[in-house]
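Participant: Structure supplied as final_35.cif; contents: mmCIF, C-alpha atoms and all ligand atoms.
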```
data_upload
loop_
_atom_site.label_atom_id
_atom_site.label_comp_id
_atom_site.auth_asym_id
_atom_site.auth_seq_id
_atom_site.Cartn_x
_atom_site.Cartn_y
_atom_site.Cartn_z
CA MET A 1 82.12 196.75 92.08
CA ALA A 2 83.41 194.28 89.47
CA LYS A 3 87.15 193.50 89.27
CA LYS A 4 89.15 195.78 86.98
CA PRO A 5 89.65 194.07 83.61
CA SER A 6 93.17 193.04 82.57
CA GLU A 7 92.36 191.89 79.02
CA THR A 8 90.33 193.12 76.07
CA SER A 9 88.97 191.45 72.97
CA VAL A 10 89.89 193.75 70.08
CA ILE A 11 89.25 193.65 66.33
CA GLU A 12 92.58 193.92 64.48
CA TYR A 13 94.10 193.33 61.05
CA ASP A 14 97.62 192.58 59.82
CA GLN A 15 97.30 193.60 56.17
CA VAL A 16 95.13 195.81 54.00
CA GLY A 17 92.09 194.08 52.54
CA GLY A 18 88.37 193.39 52.72
CA ALA A 19 86.48 192.78 55.95
CA ASP A 20 87.75 189.17 55.94
CA VAL A 21 91.17 190.44 57.19
CA LEU A 22 89.53 191.49 60.50
CA GLN A 23 90.24 189.21 63.45
CA ALA A 24 89.14 189.22 67.09
CA ARG A 25 92.17 188.93 69.39
CA THR A 26 92.65 188.96 73.12
CA ARG A 27 95.16 191.61 74.22
CA PRO A 28 96.42 192.80 77.60
CA LEU A 29 94.61 195.96 78.66
CA ARG A 30 96.83 198.75 79.97
CA ALA A 31 95.75 200.52 83.15
CA PRO A 32 94.83 204.19 82.74
CA GLU A 33 97.56 206.79 83.32
CA PRO A 34 96.68 210.23 84.74
CA GLY A 35 94.09 211.87 82.48
CA GLU A 36 92.93 208.51 81.09
CA VAL A 37 90.13 206.06 81.82
CA THR A 38 89.31 202.48 80.86
CA VAL A 39 85.89 202.11 79.25
CA GLU A 40 83.87 198.92 78.90
CA VAL A 41 82.44 199.38 75.40
CA ILE A 42 78.71 198.68 75.06
CA VAL A 43 78.19 199.81 71.44
CA ALA A 44 80.66 200.90 68.71
CA GLY A 45 79.89 202.34 65.28
CA ILE A 46 81.26 201.32 61.90
CA SER A 47 81.72 203.70 58.96
CA HIS A 48 82.78 203.75 55.32
CA ILE A 49 86.02 205.55 56.22
CA ASP A 50 87.08 202.56 58.41
CA GLY A 51 86.62 200.46 55.28
CA PHE A 52 88.54 202.90 53.02
CA ILE A 53 91.44 202.85 55.52
CA ARG A 54 91.39 199.06 55.86
CA THR A 55 91.41 198.52 52.09
CA GLY A 56 94.43 200.83 51.70
CA GLN A 57 92.64 203.69 49.93
CA GLU A 58 93.83 206.37 52.37
CA PRO A 59 97.45 207.50 51.76
CA ASP A 60 97.45 209.30 55.16
CA TRP A 61 97.33 205.90 56.85
CA ALA A 62 99.98 204.16 54.70
CA ALA A 63 102.66 204.43 57.40
CA GLU A 64 100.40 203.24 60.22
CA PRO A 65 102.00 200.07 61.68
CA PHE A 66 100.30 196.64 61.75
CA PRO A 67 98.51 195.15 63.51
CA ARG A 68 95.96 197.95 63.18
CA ALA A 69 92.84 198.25 65.28
CA SER A 70 89.56 199.48 63.80
CA GLY A 71 86.70 201.75 64.80
CA SER A 72 86.47 205.29 66.13
CA ASP A 73 83.00 205.69 67.73
CA PHE A 74 81.96 204.10 71.02
CA ALA A 75 79.75 204.39 74.06
CA GLY A 76 80.30 202.54 77.31
CA VAL A 77 80.89 202.60 81.06
CA VAL A 78 84.06 203.75 82.86
CA VAL A 79 85.46 200.75 84.74
CA ASP A 80 88.82 202.22 85.82
CA SER A 81 89.64 205.90 86.10
CA ALA A 82 92.66 208.14 86.53
CA ASP A 83 90.66 211.29 85.79
CA PRO A 84 88.33 212.89 88.36
CA ARG A 85 85.92 214.11 85.65
CA PHE A 86 84.90 210.51 84.84
CA PRO A 87 84.83 208.28 87.95
CA ARG A 88 84.11 204.55 87.74
CA GLY A 89 80.52 203.88 86.72
CA THR A 90 80.19 207.01 84.52
CA GLU A 91 78.33 206.33 81.25
CA VAL A 92 80.22 207.93 78.39
CA VAL A 93 80.25 208.59 74.64
CA GLY A 94 83.67 208.85 73.06
CA HIS A 95 85.98 208.86 70.10
CA VAL A 96 89.39 207.45 69.29
CA ARG A 97 91.62 207.37 66.19
CA SER A 98 91.22 203.57 66.05
CA GLY A 99 90.46 200.73 68.44
CA ALA A 100 86.79 201.31 69.33
CA HIS A 101 85.89 197.83 68.07
CA ALA A 102 86.81 196.18 71.36
CA THR A 103 85.29 195.04 74.63
CA TYR A 104 87.46 197.47 76.65
CA LEU A 105 89.73 200.35 75.72
CA THR A 106 91.92 202.77 77.66
CA VAL A 107 91.58 206.30 76.30
CA SER A 108 92.22 209.95 77.10
CA ALA A 109 89.39 211.43 79.17
CA ASP A 110 89.66 214.48 76.85
CA ALA A 111 87.91 212.39 74.18
CA LEU A 112 84.84 211.64 76.31
CA VAL A 113 81.46 213.19 76.98
CA LYS A 114 78.92 212.01 79.58
CA LYS A 115 76.03 210.04 78.08
CA PRO A 116 72.64 211.44 79.07
CA LYS A 117 70.26 208.78 80.42
CA HIS A 118 67.74 209.27 77.60
CA VAL A 119 70.18 208.85 74.73
CA THR A 120 70.16 205.13 73.92
CA TRP A 121 73.35 203.09 73.88
CA GLU A 122 72.79 202.26 70.20
CA THR A 123 72.58 205.92 69.22
CA ALA A 124 75.42 206.99 71.50
CA GLY A 125 77.77 204.29 70.19
CA GLY A 126 77.28 205.31 66.56
CA LEU A 127 77.32 209.05 67.05
CA TYR A 128 80.86 210.29 66.67
CA LEU A 129 82.16 210.19 63.10
CA ALA A 130 78.84 210.51 61.25
CA GLY A 131 77.50 213.06 63.71
CA VAL A 132 80.53 215.33 63.92
CA THR A 133 80.93 215.19 60.13
CA ALA A 134 77.31 216.30 59.83
CA LEU A 135 77.62 219.06 62.42
CA ASP A 136 80.95 220.39 61.09
CA THR A 137 79.51 220.50 57.57
CA LEU A 138 76.37 222.40 58.63
CA ASP A 139 78.49 224.80 60.68
CA ALA A 140 80.91 225.42 57.80
CA LEU A 141 78.00 226.22 55.48
CA HIS A 142 76.28 228.39 58.17
CA ILE A 143 72.98 226.60 57.56
CA ALA A 144 70.15 228.60 59.13
CA GLU A 145 66.54 229.65 58.78
CA GLY A 146 65.85 230.90 55.24
CA ASP A 147 68.11 228.29 53.60
CA THR A 148 66.86 225.70 51.16
CA ILE A 149 69.41 222.90 51.27
CA VAL A 150 69.75 219.74 49.20
CA ILE A 151 71.38 216.78 50.98
CA SER A 152 72.26 213.62 49.07
CA ALA A 153 71.91 210.17 50.68
CA ALA A 154 69.64 211.86 53.22
CA ALA A 155 68.50 208.59 54.80
CA GLY A 156 72.05 207.38 55.44
CA ALA A 157 74.11 207.84 58.58
CA VAL A 158 75.62 211.27 57.88
CA GLY A 159 72.77 212.50 55.68
CA SER A 160 70.01 211.71 58.18
CA ILE A 161 71.76 213.67 60.92
CA GLU A 162 72.53 216.57 58.59
CA ALA A 163 68.98 216.69 57.28
CA GLN A 164 67.36 216.66 60.74
CA LEU A 165 69.74 219.23 62.18
CA ALA A 166 69.27 221.51 59.17
CA ARG A 167 65.50 221.30 59.78
CA TYR A 168 66.08 221.99 63.48
CA ARG A 169 67.97 225.15 62.46
CA GLY A 170 64.93 226.22 60.44
CA ALA A 171 66.08 225.39 56.90
CA LYS A 172 63.89 223.80 54.23
CA VAL A 173 65.51 220.44 53.44
CA ILE A 174 65.33 218.39 50.25
CA GLY A 175 66.87 214.95 50.62
CA THR A 176 67.80 212.50 47.87
CA CYS A 177 67.03 208.83 48.50
CA GLY A 178 65.43 205.74 47.01
CA GLU A 179 61.65 205.42 47.04
CA ARG A 180 61.75 203.10 50.06
CA ASN A 181 62.89 206.03 52.20
CA PHE A 182 60.25 208.56 51.12
CA ASP A 183 57.99 207.97 54.14
CA TYR A 184 60.93 208.04 56.54
CA LEU A 185 62.12 211.43 55.26
CA ARG A 186 58.61 212.88 55.10
CA GLN A 187 58.09 211.96 58.76
CA LEU A 188 61.11 214.12 59.55
CA GLY A 189 59.76 217.10 57.61
CA ILE A 190 62.21 216.57 54.75
CA THR A 191 61.11 216.62 51.10
CA PRO A 192 62.28 213.33 49.52
CA ILE A 193 63.57 213.32 45.94
CA GLN A 194 64.45 210.12 44.09
CA TYR A 195 68.09 210.18 42.92
CA GLY A 196 68.95 209.28 39.31
CA PRO A 197 68.05 210.73 35.90
CA GLY A 198 65.79 213.82 36.06
CA MET A 199 66.93 214.68 39.60
CA THR A 200 67.74 218.33 38.73
CA GLU A 201 64.23 218.99 37.45
CA ARG A 202 62.68 217.23 40.47
CA ILE A 203 64.74 219.38 42.85
CA GLN A 204 63.85 222.56 40.95
CA ALA A 205 60.17 221.66 41.15
CA ALA A 206 60.47 221.10 44.91
CA ALA A 207 62.37 224.39 45.39
CA PRO A 208 60.72 226.98 43.13
CA ARG A 209 62.56 229.81 44.93
CA GLY A 210 65.93 228.17 44.37
CA VAL A 211 68.47 226.20 46.36
CA THR A 212 70.92 228.02 48.64
CA ALA A 213 73.19 225.16 49.75
CA PHE A 214 74.06 221.61 48.73
CA ILE A 215 75.82 218.77 50.54
CA ASP A 216 76.79 215.81 48.39
CA ASN A 217 77.37 212.77 50.56
CA PHE A 218 77.09 210.16 47.86
CA GLY A 219 79.61 211.63 45.45
CA GLN A 220 78.60 211.04 41.88
CA ASP A 221 77.36 214.06 39.97
CA GLY A 222 77.55 216.61 42.78
CA HIS A 223 79.58 219.38 41.11
CA GLU A 224 77.45 219.35 37.98
CA LEU A 225 74.20 219.30 39.96
CA ALA A 226 75.33 222.15 42.26
CA ARG A 227 76.20 224.23 39.18
CA GLU A 228 72.83 223.52 37.54
CA LEU A 229 71.01 224.48 40.74
CA GLY A 230 72.95 227.76 40.93
CA VAL A 231 74.49 226.99 44.34
CA PRO A 232 77.56 229.18 44.97
CA ALA A 233 80.85 227.29 45.48
CA SER A 234 81.11 228.59 49.07
CA ARG A 235 77.82 226.83 49.93
CA TYR A 236 78.58 223.47 48.31
CA ARG A 237 80.33 220.53 49.98
CA SER A 238 81.41 217.61 47.81
CA SER A 239 81.88 214.01 48.81
CA ASP A 240 85.66 214.61 48.63
CA ASP A 241 85.33 217.51 51.09
CA ARG A 242 83.49 215.12 53.37
CA ARG A 243 86.21 212.49 53.07
CA GLU A 244 88.87 215.05 54.03
CA LEU A 245 86.82 216.18 57.00
CA GLU A 246 86.31 212.62 58.25
CA LEU A 247 90.01 211.81 57.93
CA LYS A 248 90.84 214.97 59.86
CA LEU A 249 88.44 213.93 62.63
CA LEU A 250 90.52 210.77 63.10
CA ARG A 251 93.74 212.66 63.90
CA SER A 252 94.91 212.42 67.48
CA ASP A 253 96.65 215.81 67.93
CA PRO A 254 95.30 217.80 70.94
CA GLU A 255 93.68 220.50 68.78
CA THR A 256 91.67 217.95 66.75
CA VAL A 257 90.68 215.99 69.87
CA GLN A 258 89.52 219.19 71.58
CA HIS A 259 87.45 220.25 68.57
CA ALA A 260 86.00 216.74 68.09
CA THR A 261 85.00 216.41 71.76
CA ARG A 262 83.42 219.87 71.77
CA GLN A 263 81.33 218.95 68.71
CA LEU A 264 80.50 215.52 70.16
CA ALA A 265 79.24 217.25 73.33
CA ALA A 266 77.04 219.55 71.20
CA LEU A 267 75.67 216.53 69.33
CA VAL A 268 74.95 214.55 72.48
CA ASP A 269 73.08 217.57 73.80
CA LEU A 270 71.08 217.82 70.54
CA ALA A 271 70.29 214.09 70.74
CA ASP A 272 69.17 214.54 74.35
CA LYS A 273 66.85 217.39 73.24
CA GLN A 274 65.56 215.12 70.46
CA ALA A 275 66.63 217.64 67.81
CA PHE A 276 67.43 214.51 65.79
CA SER A 277 67.18 210.77 66.17
CA LEU A 278 69.60 208.27 64.69
CA LEU A 279 67.96 205.10 63.41
CA ILE A 280 69.90 201.86 63.82
CA SER A 281 69.89 200.03 60.53
CA GLY A 282 72.01 197.09 61.60
CA PHE A 283 72.94 195.82 65.08
CA TYR A 284 75.65 193.12 65.06
CA PRO A 285 77.60 191.28 67.74
CA LEU A 286 81.24 192.45 67.81
CA GLY A 287 82.38 189.05 66.52
CA ASP A 288 80.22 189.52 63.41
CA VAL A 289 82.08 192.66 62.37
CA ALA A 290 82.63 191.34 58.81
CA LEU A 291 78.86 190.88 58.38
CA ALA A 292 78.28 194.38 59.69
CA TYR A 293 80.61 195.80 57.00
CA ALA A 294 78.93 193.67 54.33
CA ASP A 295 75.62 195.25 55.38
CA LEU A 296 77.11 198.77 55.29
CA ASP A 297 78.70 198.13 51.89
CA LYS A 298 75.26 197.52 50.36
CA LEU A 299 74.87 201.34 50.61
CA HIS A 300 71.27 201.17 51.76
CA SER A 301 71.55 201.78 55.50
CA ARG A 302 68.81 203.84 57.04
CA GLY A 303 70.79 205.54 59.80
CA LYS A 304 73.72 203.68 61.32
CA VAL A 305 75.19 200.17 61.47
CA VAL A 306 76.64 199.40 64.92
CA LEU A 307 78.41 196.63 66.83
CA ALA A 308 77.35 195.42 70.28
CA THR A 309 79.60 193.79 72.87
CA HIS A 310 76.68 192.46 74.94
CA PRO A 311 74.02 191.36 72.45
CA VAL A 312 71.16 189.52 74.12
CA SER A 313 71.66 186.71 71.63
CA THR A 314 74.10 186.00 68.84
CA PHE A 315 71.24 184.48 66.86
CA ARG A 316 70.74 186.48 63.67
CA TYR A 317 67.31 187.61 62.53
CA LEU A 318 66.38 188.75 59.06
CA LYS A 319 65.95 192.50 59.24
CA ALA A 320 62.50 193.99 58.57
CA ARG A 321 64.17 196.09 55.87
CA ASP A 322 65.32 192.96 54.01
CA VAL A 323 61.89 191.34 54.32
CA ALA A 324 60.23 194.46 52.91
CA ASP A 325 62.80 194.83 50.11
CA ALA A 326 62.39 191.17 49.11
CA ARG A 327 58.72 191.87 48.38
CA ASN A 328 59.55 194.64 45.86
N1 LIG B 401 83.61 210.29 49.18
C1 LIG B 401 83.77 210.01 50.43
O1 LIG B 401 84.74 210.32 50.97
C2 LIG B 401 82.77 209.29 51.22
C3 LIG B 401 83.03 209.09 52.56
C4 LIG B 401 82.11 208.37 53.27
C5 LIG B 401 80.96 207.91 52.63
N2 LIG B 401 80.78 208.17 51.35
C6 LIG B 401 79.59 207.70 50.65
O2 LIG B 401 78.52 208.54 51.02
C7 LIG B 401 77.33 207.78 51.13
C8 LIG B 401 76.60 208.13 52.37
O3 LIG B 401 77.45 208.01 53.47
P1 LIG B 401 76.93 207.45 54.87
O4 LIG B 401 78.07 207.32 55.76
O5 LIG B 401 75.75 208.24 55.27
O6 LIG B 401 76.58 206.03 54.34
P2 LIG B 401 75.36 205.09 54.47
O7 LIG B 401 74.73 205.21 55.80
O8 LIG B 401 75.87 203.79 54.00
O9 LIG B 401 74.37 205.71 53.35
C9 LIG B 401 73.49 204.90 52.75
C10 LIG B 401 72.45 205.77 52.06
O10 LIG B 401 72.90 206.07 50.74
C11 LIG B 401 71.76 206.16 49.93
N3 LIG B 401 72.05 205.94 48.52
C12 LIG B 401 72.28 204.76 47.89
N4 LIG B 401 72.51 204.98 46.57
C13 LIG B 401 72.41 206.33 46.38
C14 LIG B 401 72.55 207.18 45.25
N5 LIG B 401 72.83 206.69 44.04
N6 LIG B 401 72.40 208.52 45.42
C15 LIG B 401 72.11 209.04 46.63
N7 LIG B 401 71.97 208.27 47.74
C16 LIG B 401 72.13 206.94 47.62
C17 LIG B 401 70.83 205.11 50.46
O11 LIG B 401 69.52 205.51 50.23
P3 LIG B 401 68.46 204.45 49.64
O12 LIG B 401 68.56 203.22 50.50
O13 LIG B 401 67.19 205.19 49.79
O14 LIG B 401 68.88 204.17 48.22
C18 LIG B 401 71.15 205.04 51.95
O15 LIG B 401 70.18 205.67 52.76
C19 LIG B 401 77.76 206.33 51.06
O16 LIG B 401 77.35 205.86 49.83
C20 LIG B 401 79.25 206.33 51.13
O17 LIG B 401 79.88 205.36 50.32
C21 LIG B 401 81.65 208.87 50.62
#
```
Rewrite the structure of this file - the entire thing - as C-alpha cells.
Facilitator:
Amino acid sequence: MAKKPSETSVIEYDQVGGADVLQARTRPLRAPEPGEVTVEVIVAGISHIDGFIRTGQEPDWAAEPFPRASGSDFAGVVVDSADPRFPRGTEVVGHVRSGAHATYLTVSADALVKKPKHVTWETAGGLYLAGVTALDTLDALHIAEGDTIVISAAAGAVGSIEAQLARYRGAKVIGTCGERNFDYLRQLGITPIQYGPGMTERIQAAAPRGVTAFIDNFGQDGHELARELGVPASRYRSSDDRRELELKLLRSDPETVQHATRQLAALVDLADKQAFSLLISGFYPLGDVALAYADLDKLHSRGKVVLATHPVSTFRYLKARDVADARN
C-alpha cells in the first residue's frame, strides 16, 4: 500500500472576504489518534453557507481564529486509521466543521459513513450539508403521502434533494424554478412553476385541493406566499430557518456530530436505493475553488457544485448549461 501521507494541500483564508481570499497551502498532516482516521479526499462540496461564513455574515463564526479552513462535505479513501470501523482502504463519505477543501484530512471516525460502491464519488462528496439540510427539513415537517408541498429553488442543491425525497415519501411536489429547469423537474415527477410575479396563482392552479406544506429555500417572499396559500406556520420553513439549521449542522459537539452522521447514513442509503439522484452542476479542480464559488454565486446551479482533488485534466470546458443558456 502507498506510504502514509505527511502533508496536505488545504484551502485556507486569513481574513474575511470574497473567494479571492482563498489560498491553497501545504500543511503538515497530523497522524490519527484513537477514534480518528486520515482520509484522502476525492471530492468535496461547496455551499452558500461556506461563502456566508467567509464573507463575515455569520456572527457565530466571528471568534473563529485565522487562518480558517473551508468546506464541510467530502468523500474519499481512508489512508491511515486508528479506528477499527474504518480500516485503510475503506471508501467513506463524511462531514467536518471546516477543512474538507483539502487533499487529505484527519477526522473523527464518528463523522464518517461507508460509501456504497454504486454511489458516485461526485454525489458522495457533495452530499452532506445540502442533503442533511433537506432531510432534517422534511423530517421536521413530517412530509408524507397525502401532502402537497411547495419547494422553492427546487432544481438547486438542497431543493432538488428535498423535492425528490418528498416524492419518494409519496407527497405531491410543486417546485419553483426558471423555465430552463422545467424538463428536469418534470422528469422527477415534480410539477415545475416559474418563480416571479403571478406565482401564487400558478401554484393554486397546480394544487386545486390546496397546499399543506412549504419550504422556502430562496428566501424572498416566502412568508407572504405561505400565508396566501393557507399553509399553517407549523408546516412552513423559511430561508432563515434553513440558515439556522445549516449553521447548527456545522457545530462539532458530540450530539450534533452524532445526529449529522445518523442523517448522513440515512441519505447515503437513500442515494444507494436511488430514491434521489444529485446532479453535478459544476466540477472544478481543488485549485480552482474561487471559480467554483463564482459559479455557485450565479444562483443557477442544477444540483451541486463540487471540487475534485484528482481531476483527469485541469483544462476547463464550457459547460453544456452555459452553451444552452447562451442561445436563449
Ligand atoms: N437564507 C439562507 O440562509 C440561505 C442559505 C443557503 C442558501 N440560500 C439560498 O437558497 C437558494 C438555494 O440554495 P441551494 O443551496 O440549493 O443553492 P443553489 O444550488 O445555488 O440553488 C440554485 C437554484 O436557485 C434557483 N433560483 C434562482 N433564482 C431563483 C428565484 N428567484 N426563486 C426561486 N429559485 C431561484 C435556480 O433555479 P433556476 O436556475 O431555474 O433559476 C437554481 O436551480 C440559493 O439561492 C441560496 O442563496 C439561502
Participant: At a cut-off of 6 Å around ligand LIG 401 (chain B), and using all atoms listed in the file, what residues come up? Please write them as a PDB file with C-alpha atoms, in the frame of the given file.
Facilitator:
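Listing of out_23.pdb after writing:
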```pdb
ATOM      1  CA  HIS A  48      82.780 203.750  55.320  1.00  0.00           C
ATOM      2  CA  ILE A  49      86.020 205.550  56.220  1.00  0.00           C
ATOM      3  CA  SER A 152      72.260 213.620  49.070  1.00  0.00           C
ATOM      4  CA  ALA A 153      71.910 210.170  50.680  1.00  0.00           C
ATOM      5  CA  ALA A 155      68.500 208.590  54.800  1.00  0.00           C
ATOM      6  CA  GLY A 156      72.050 207.380  55.440  1.00  0.00           C
ATOM      7  CA  ALA A 157      74.110 207.840  58.580  1.00  0.00           C
ATOM      8  CA  VAL A 158      75.620 211.270  57.880  1.00  0.00           C
ATOM      9  CA  GLY A 159      72.770 212.500  55.680  1.00  0.00           C
ATOM     10  CA  THR A 176      67.800 212.500  47.870  1.00  0.00           C
ATOM     11  CA  CYS A 177      67.030 208.830  48.500  1.00  0.00           C
ATOM     12  CA  GLY A 178      65.430 205.740  47.010  1.00  0.00           C
ATOM     13  CA  ARG A 180      61.750 203.100  50.060  1.00  0.00           C
ATOM     14  CA  ASN A 181      62.890 206.030  52.200  1.00  0.00           C
ATOM     15  CA  TYR A 195      68.090 210.180  42.920  1.00  0.00           C
ATOM     16  CA  ASN A 217      77.370 212.770  50.560  1.00  0.00           C
ATOM     17  CA  PHE A 218      77.090 210.160  47.860  1.00  0.00           C
ATOM     18  CA  GLY A 219      79.610 211.630  45.450  1.00  0.00           C
ATOM     19  CA  SER A 239      81.880 214.010  48.810  1.00  0.00           C
ATOM     20  CA  ASP A 240      85.660 214.610  48.630  1.00  0.00           C
ATOM     21  CA  ARG A 242      83.490 215.120  53.370  1.00  0.00           C
ATOM     22  CA  ARG A 243      86.210 212.490  53.070  1.00  0.00           C
ATOM     23  CA  LEU A 296      77.110 198.770  55.290  1.00  0.00           C
ATOM     24  CA  LEU A 299      74.870 201.340  50.610  1.00  0.00           C
ATOM     25  CA  HIS A 300      71.270 201.170  51.760  1.00  0.00           C
ATOM     26  CA  SER A 301      71.550 201.780  55.500  1.00  0.00           C
ATOM     27  CA  ARG A 302      68.810 203.840  57.040  1.00  0.00           C
ATOM     28  CA  GLY A 303      70.790 205.540  59.800  1.00  0.00           C
ATOM     29  CA  LYS A 304      73.720 203.680  61.320  1.00  0.00           C
TER      30      LYS A 304
END
```
Participant: Interatomic distance between atom CA of Thr123 of chain A and atom CA of Arg54 of chain A?
Facilitator: 24.1 Å
Participant: Report, in Å with one decimal, the straight-line distance from atom CA of Lys114 of chain A to atom CA of Asp80 of chain A.
Facilitator: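 Separation of atom CA of Lys114 of chain A and atom CA of Asp80 of chain A: 15.3 Å.
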Participant: For the atom pair atom CA of Val78 of chain A and atom CA of Gln274 of chain A, what is the interatomic distance in Å to one decimal place?
Facilitator: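 Atom CA of Gln274 of chain A lies 25.0 Å from atom CA of Val78 of chain A.
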Participant: Using all atoms listed in the file, pick whichever of A:Val268, A:Ala294, A:Ile46, A:Leu250 has the shortest atom-to-atom distance to Val93 of chain A.
Facilitator: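 Once distances to Val93 of chain A are computed over all atoms listed in the file, the minimum belongs to A:Val268.
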Participant: Nearest to Ala140 of chain A among A:Leu249, A:Ala226, A:Ile215, A:Ala260, with distances taken over all atoms listed in the file: which residue is it?
Facilitator: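 Ranking A:Leu249, A:Ala226, A:Ile215, A:Ala260 by distance to Ala140 of chain A, first place goes to A:Ile215.
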Participant: Just want the 8 Å neighbourhood of Val150 of chain A, counted on only C-alpha atoms, with same-chain residues fewer than 5 positions away dropped. Output as a VMD selection string.
Facilitator: chain A and resid 173 to 176 211 213 to 215
Participant: Could you write those residues out with C-alpha atoms, as a CSV table (one decimal), in the frame of the given file?
Facilitator:
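Result saved to again.csv:
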```csv
chain,number,residue,atom,x,y,z
A,173,VAL,CA,65.5,220.4,53.4
A,174,ILE,CA,65.3,218.4,50.2
A,175,GLY,CA,66.9,215.0,50.6
A,176,THR,CA,67.8,212.5,47.9
A,211,VAL,CA,68.5,226.2,46.4
A,213,ALA,CA,73.2,225.2,49.8
A,214,PHE,CA,74.1,221.6,48.7
A,215,ILE,CA,75.8,218.8,50.5
```
Participant: Output, as JSON, the centre and edge lengths in Å (one decimal) of the axis-aligned box that contains all listed atoms of segment 222-232 of chain A with 8 Å of margin on each side.
Facilitator:
```
{"center_x": 75.3, "center_y": 222.9, "center_z": 41.3, "size_x": 24.6, "size_y": 28.6, "size_z": 23.4}
```
Participant: Regenerate segment 54-65 of chain A at the level of N, CA and C atoms and dump it as a PDB file, in the frame of the given file.
Facilitator:
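result26.pdb, freshly written:
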```pdb
ATOM      1  N   ARG A  54      91.023 200.493  55.820  1.00  0.00           N
ATOM      2  CA  ARG A  54      91.390 199.060  55.860  1.00  0.00           C
ATOM      3  C   ARG A  54      91.784 198.543  54.480  1.00  0.00           C
ATOM      4  N   THR A  55      91.114 199.032  53.437  1.00  0.00           N
ATOM      5  CA  THR A  55      91.410 198.520  52.090  1.00  0.00           C
ATOM      6  C   THR A  55      92.585 199.281  51.435  1.00  0.00           C
ATOM      7  N   GLY A  56      93.215 200.170  52.192  1.00  0.00           N
ATOM      8  CA  GLY A  56      94.430 200.830  51.700  1.00  0.00           C
ATOM      9  C   GLY A  56      94.175 201.993  50.767  1.00  0.00           C
ATOM     10  N   GLN A  57      92.959 202.574  50.836  1.00  0.00           N
ATOM     11  CA  GLN A  57      92.640 203.690  49.930  1.00  0.00           C
ATOM     12  C   GLN A  57      93.009 205.048  50.506  1.00  0.00           C
ATOM     13  N   GLU A  58      93.531 205.080  51.743  1.00  0.00           N
ATOM     14  CA  GLU A  58      93.830 206.370  52.370  1.00  0.00           C
ATOM     15  C   GLU A  58      95.333 206.538  52.554  1.00  0.00           C
ATOM     16  N   PRO A  59      96.001 207.331  51.685  1.00  0.00           N
ATOM     17  CA  PRO A  59      97.450 207.500  51.760  1.00  0.00           C
ATOM     18  C   PRO A  59      97.916 207.989  53.139  1.00  0.00           C
ATOM     19  N   ASP A  60      97.090 208.790  53.822  1.00  0.00           N
ATOM     20  CA  ASP A  60      97.450 209.300  55.160  1.00  0.00           C
ATOM     21  C   ASP A  60      97.771 208.183  56.139  1.00  0.00           C
ATOM     22  N   TRP A  61      97.179 207.006  55.904  1.00  0.00           N
ATOM     23  CA  TRP A  61      97.330 205.900  56.850  1.00  0.00           C
ATOM     24  C   TRP A  61      98.385 204.884  56.401  1.00  0.00           C
ATOM     25  N   ALA A  62      99.069 205.166  55.270  1.00  0.00           N
ATOM     26  CA  ALA A  62      99.980 204.160  54.700  1.00  0.00           C
ATOM     27  C   ALA A  62     101.089 203.772  55.681  1.00  0.00           C
ATOM     28  N   ALA A  63     101.534 204.724  56.509  1.00  0.00           N
ATOM     29  CA  ALA A  63     102.660 204.430  57.400  1.00  0.00           C
ATOM     30  C   ALA A  63     102.213 203.869  58.750  1.00  0.00           C
ATOM     31  N   GLU A  64     100.930 203.751  58.937  1.00  0.00           N
ATOM     32  CA  GLU A  64     100.400 203.240  60.220  1.00  0.00           C
ATOM     33  C   GLU A  64     100.844 201.787  60.392  1.00  0.00           C
ATOM     34  N   PRO A  65     101.492 201.438  61.539  1.00  0.00           N
ATOM     35  CA  PRO A  65     102.000 200.070  61.680  1.00  0.00           C
ATOM     36  C   PRO A  65     100.881 199.022  61.844  1.00  0.00           C
TER      37      PRO A  65
END
```
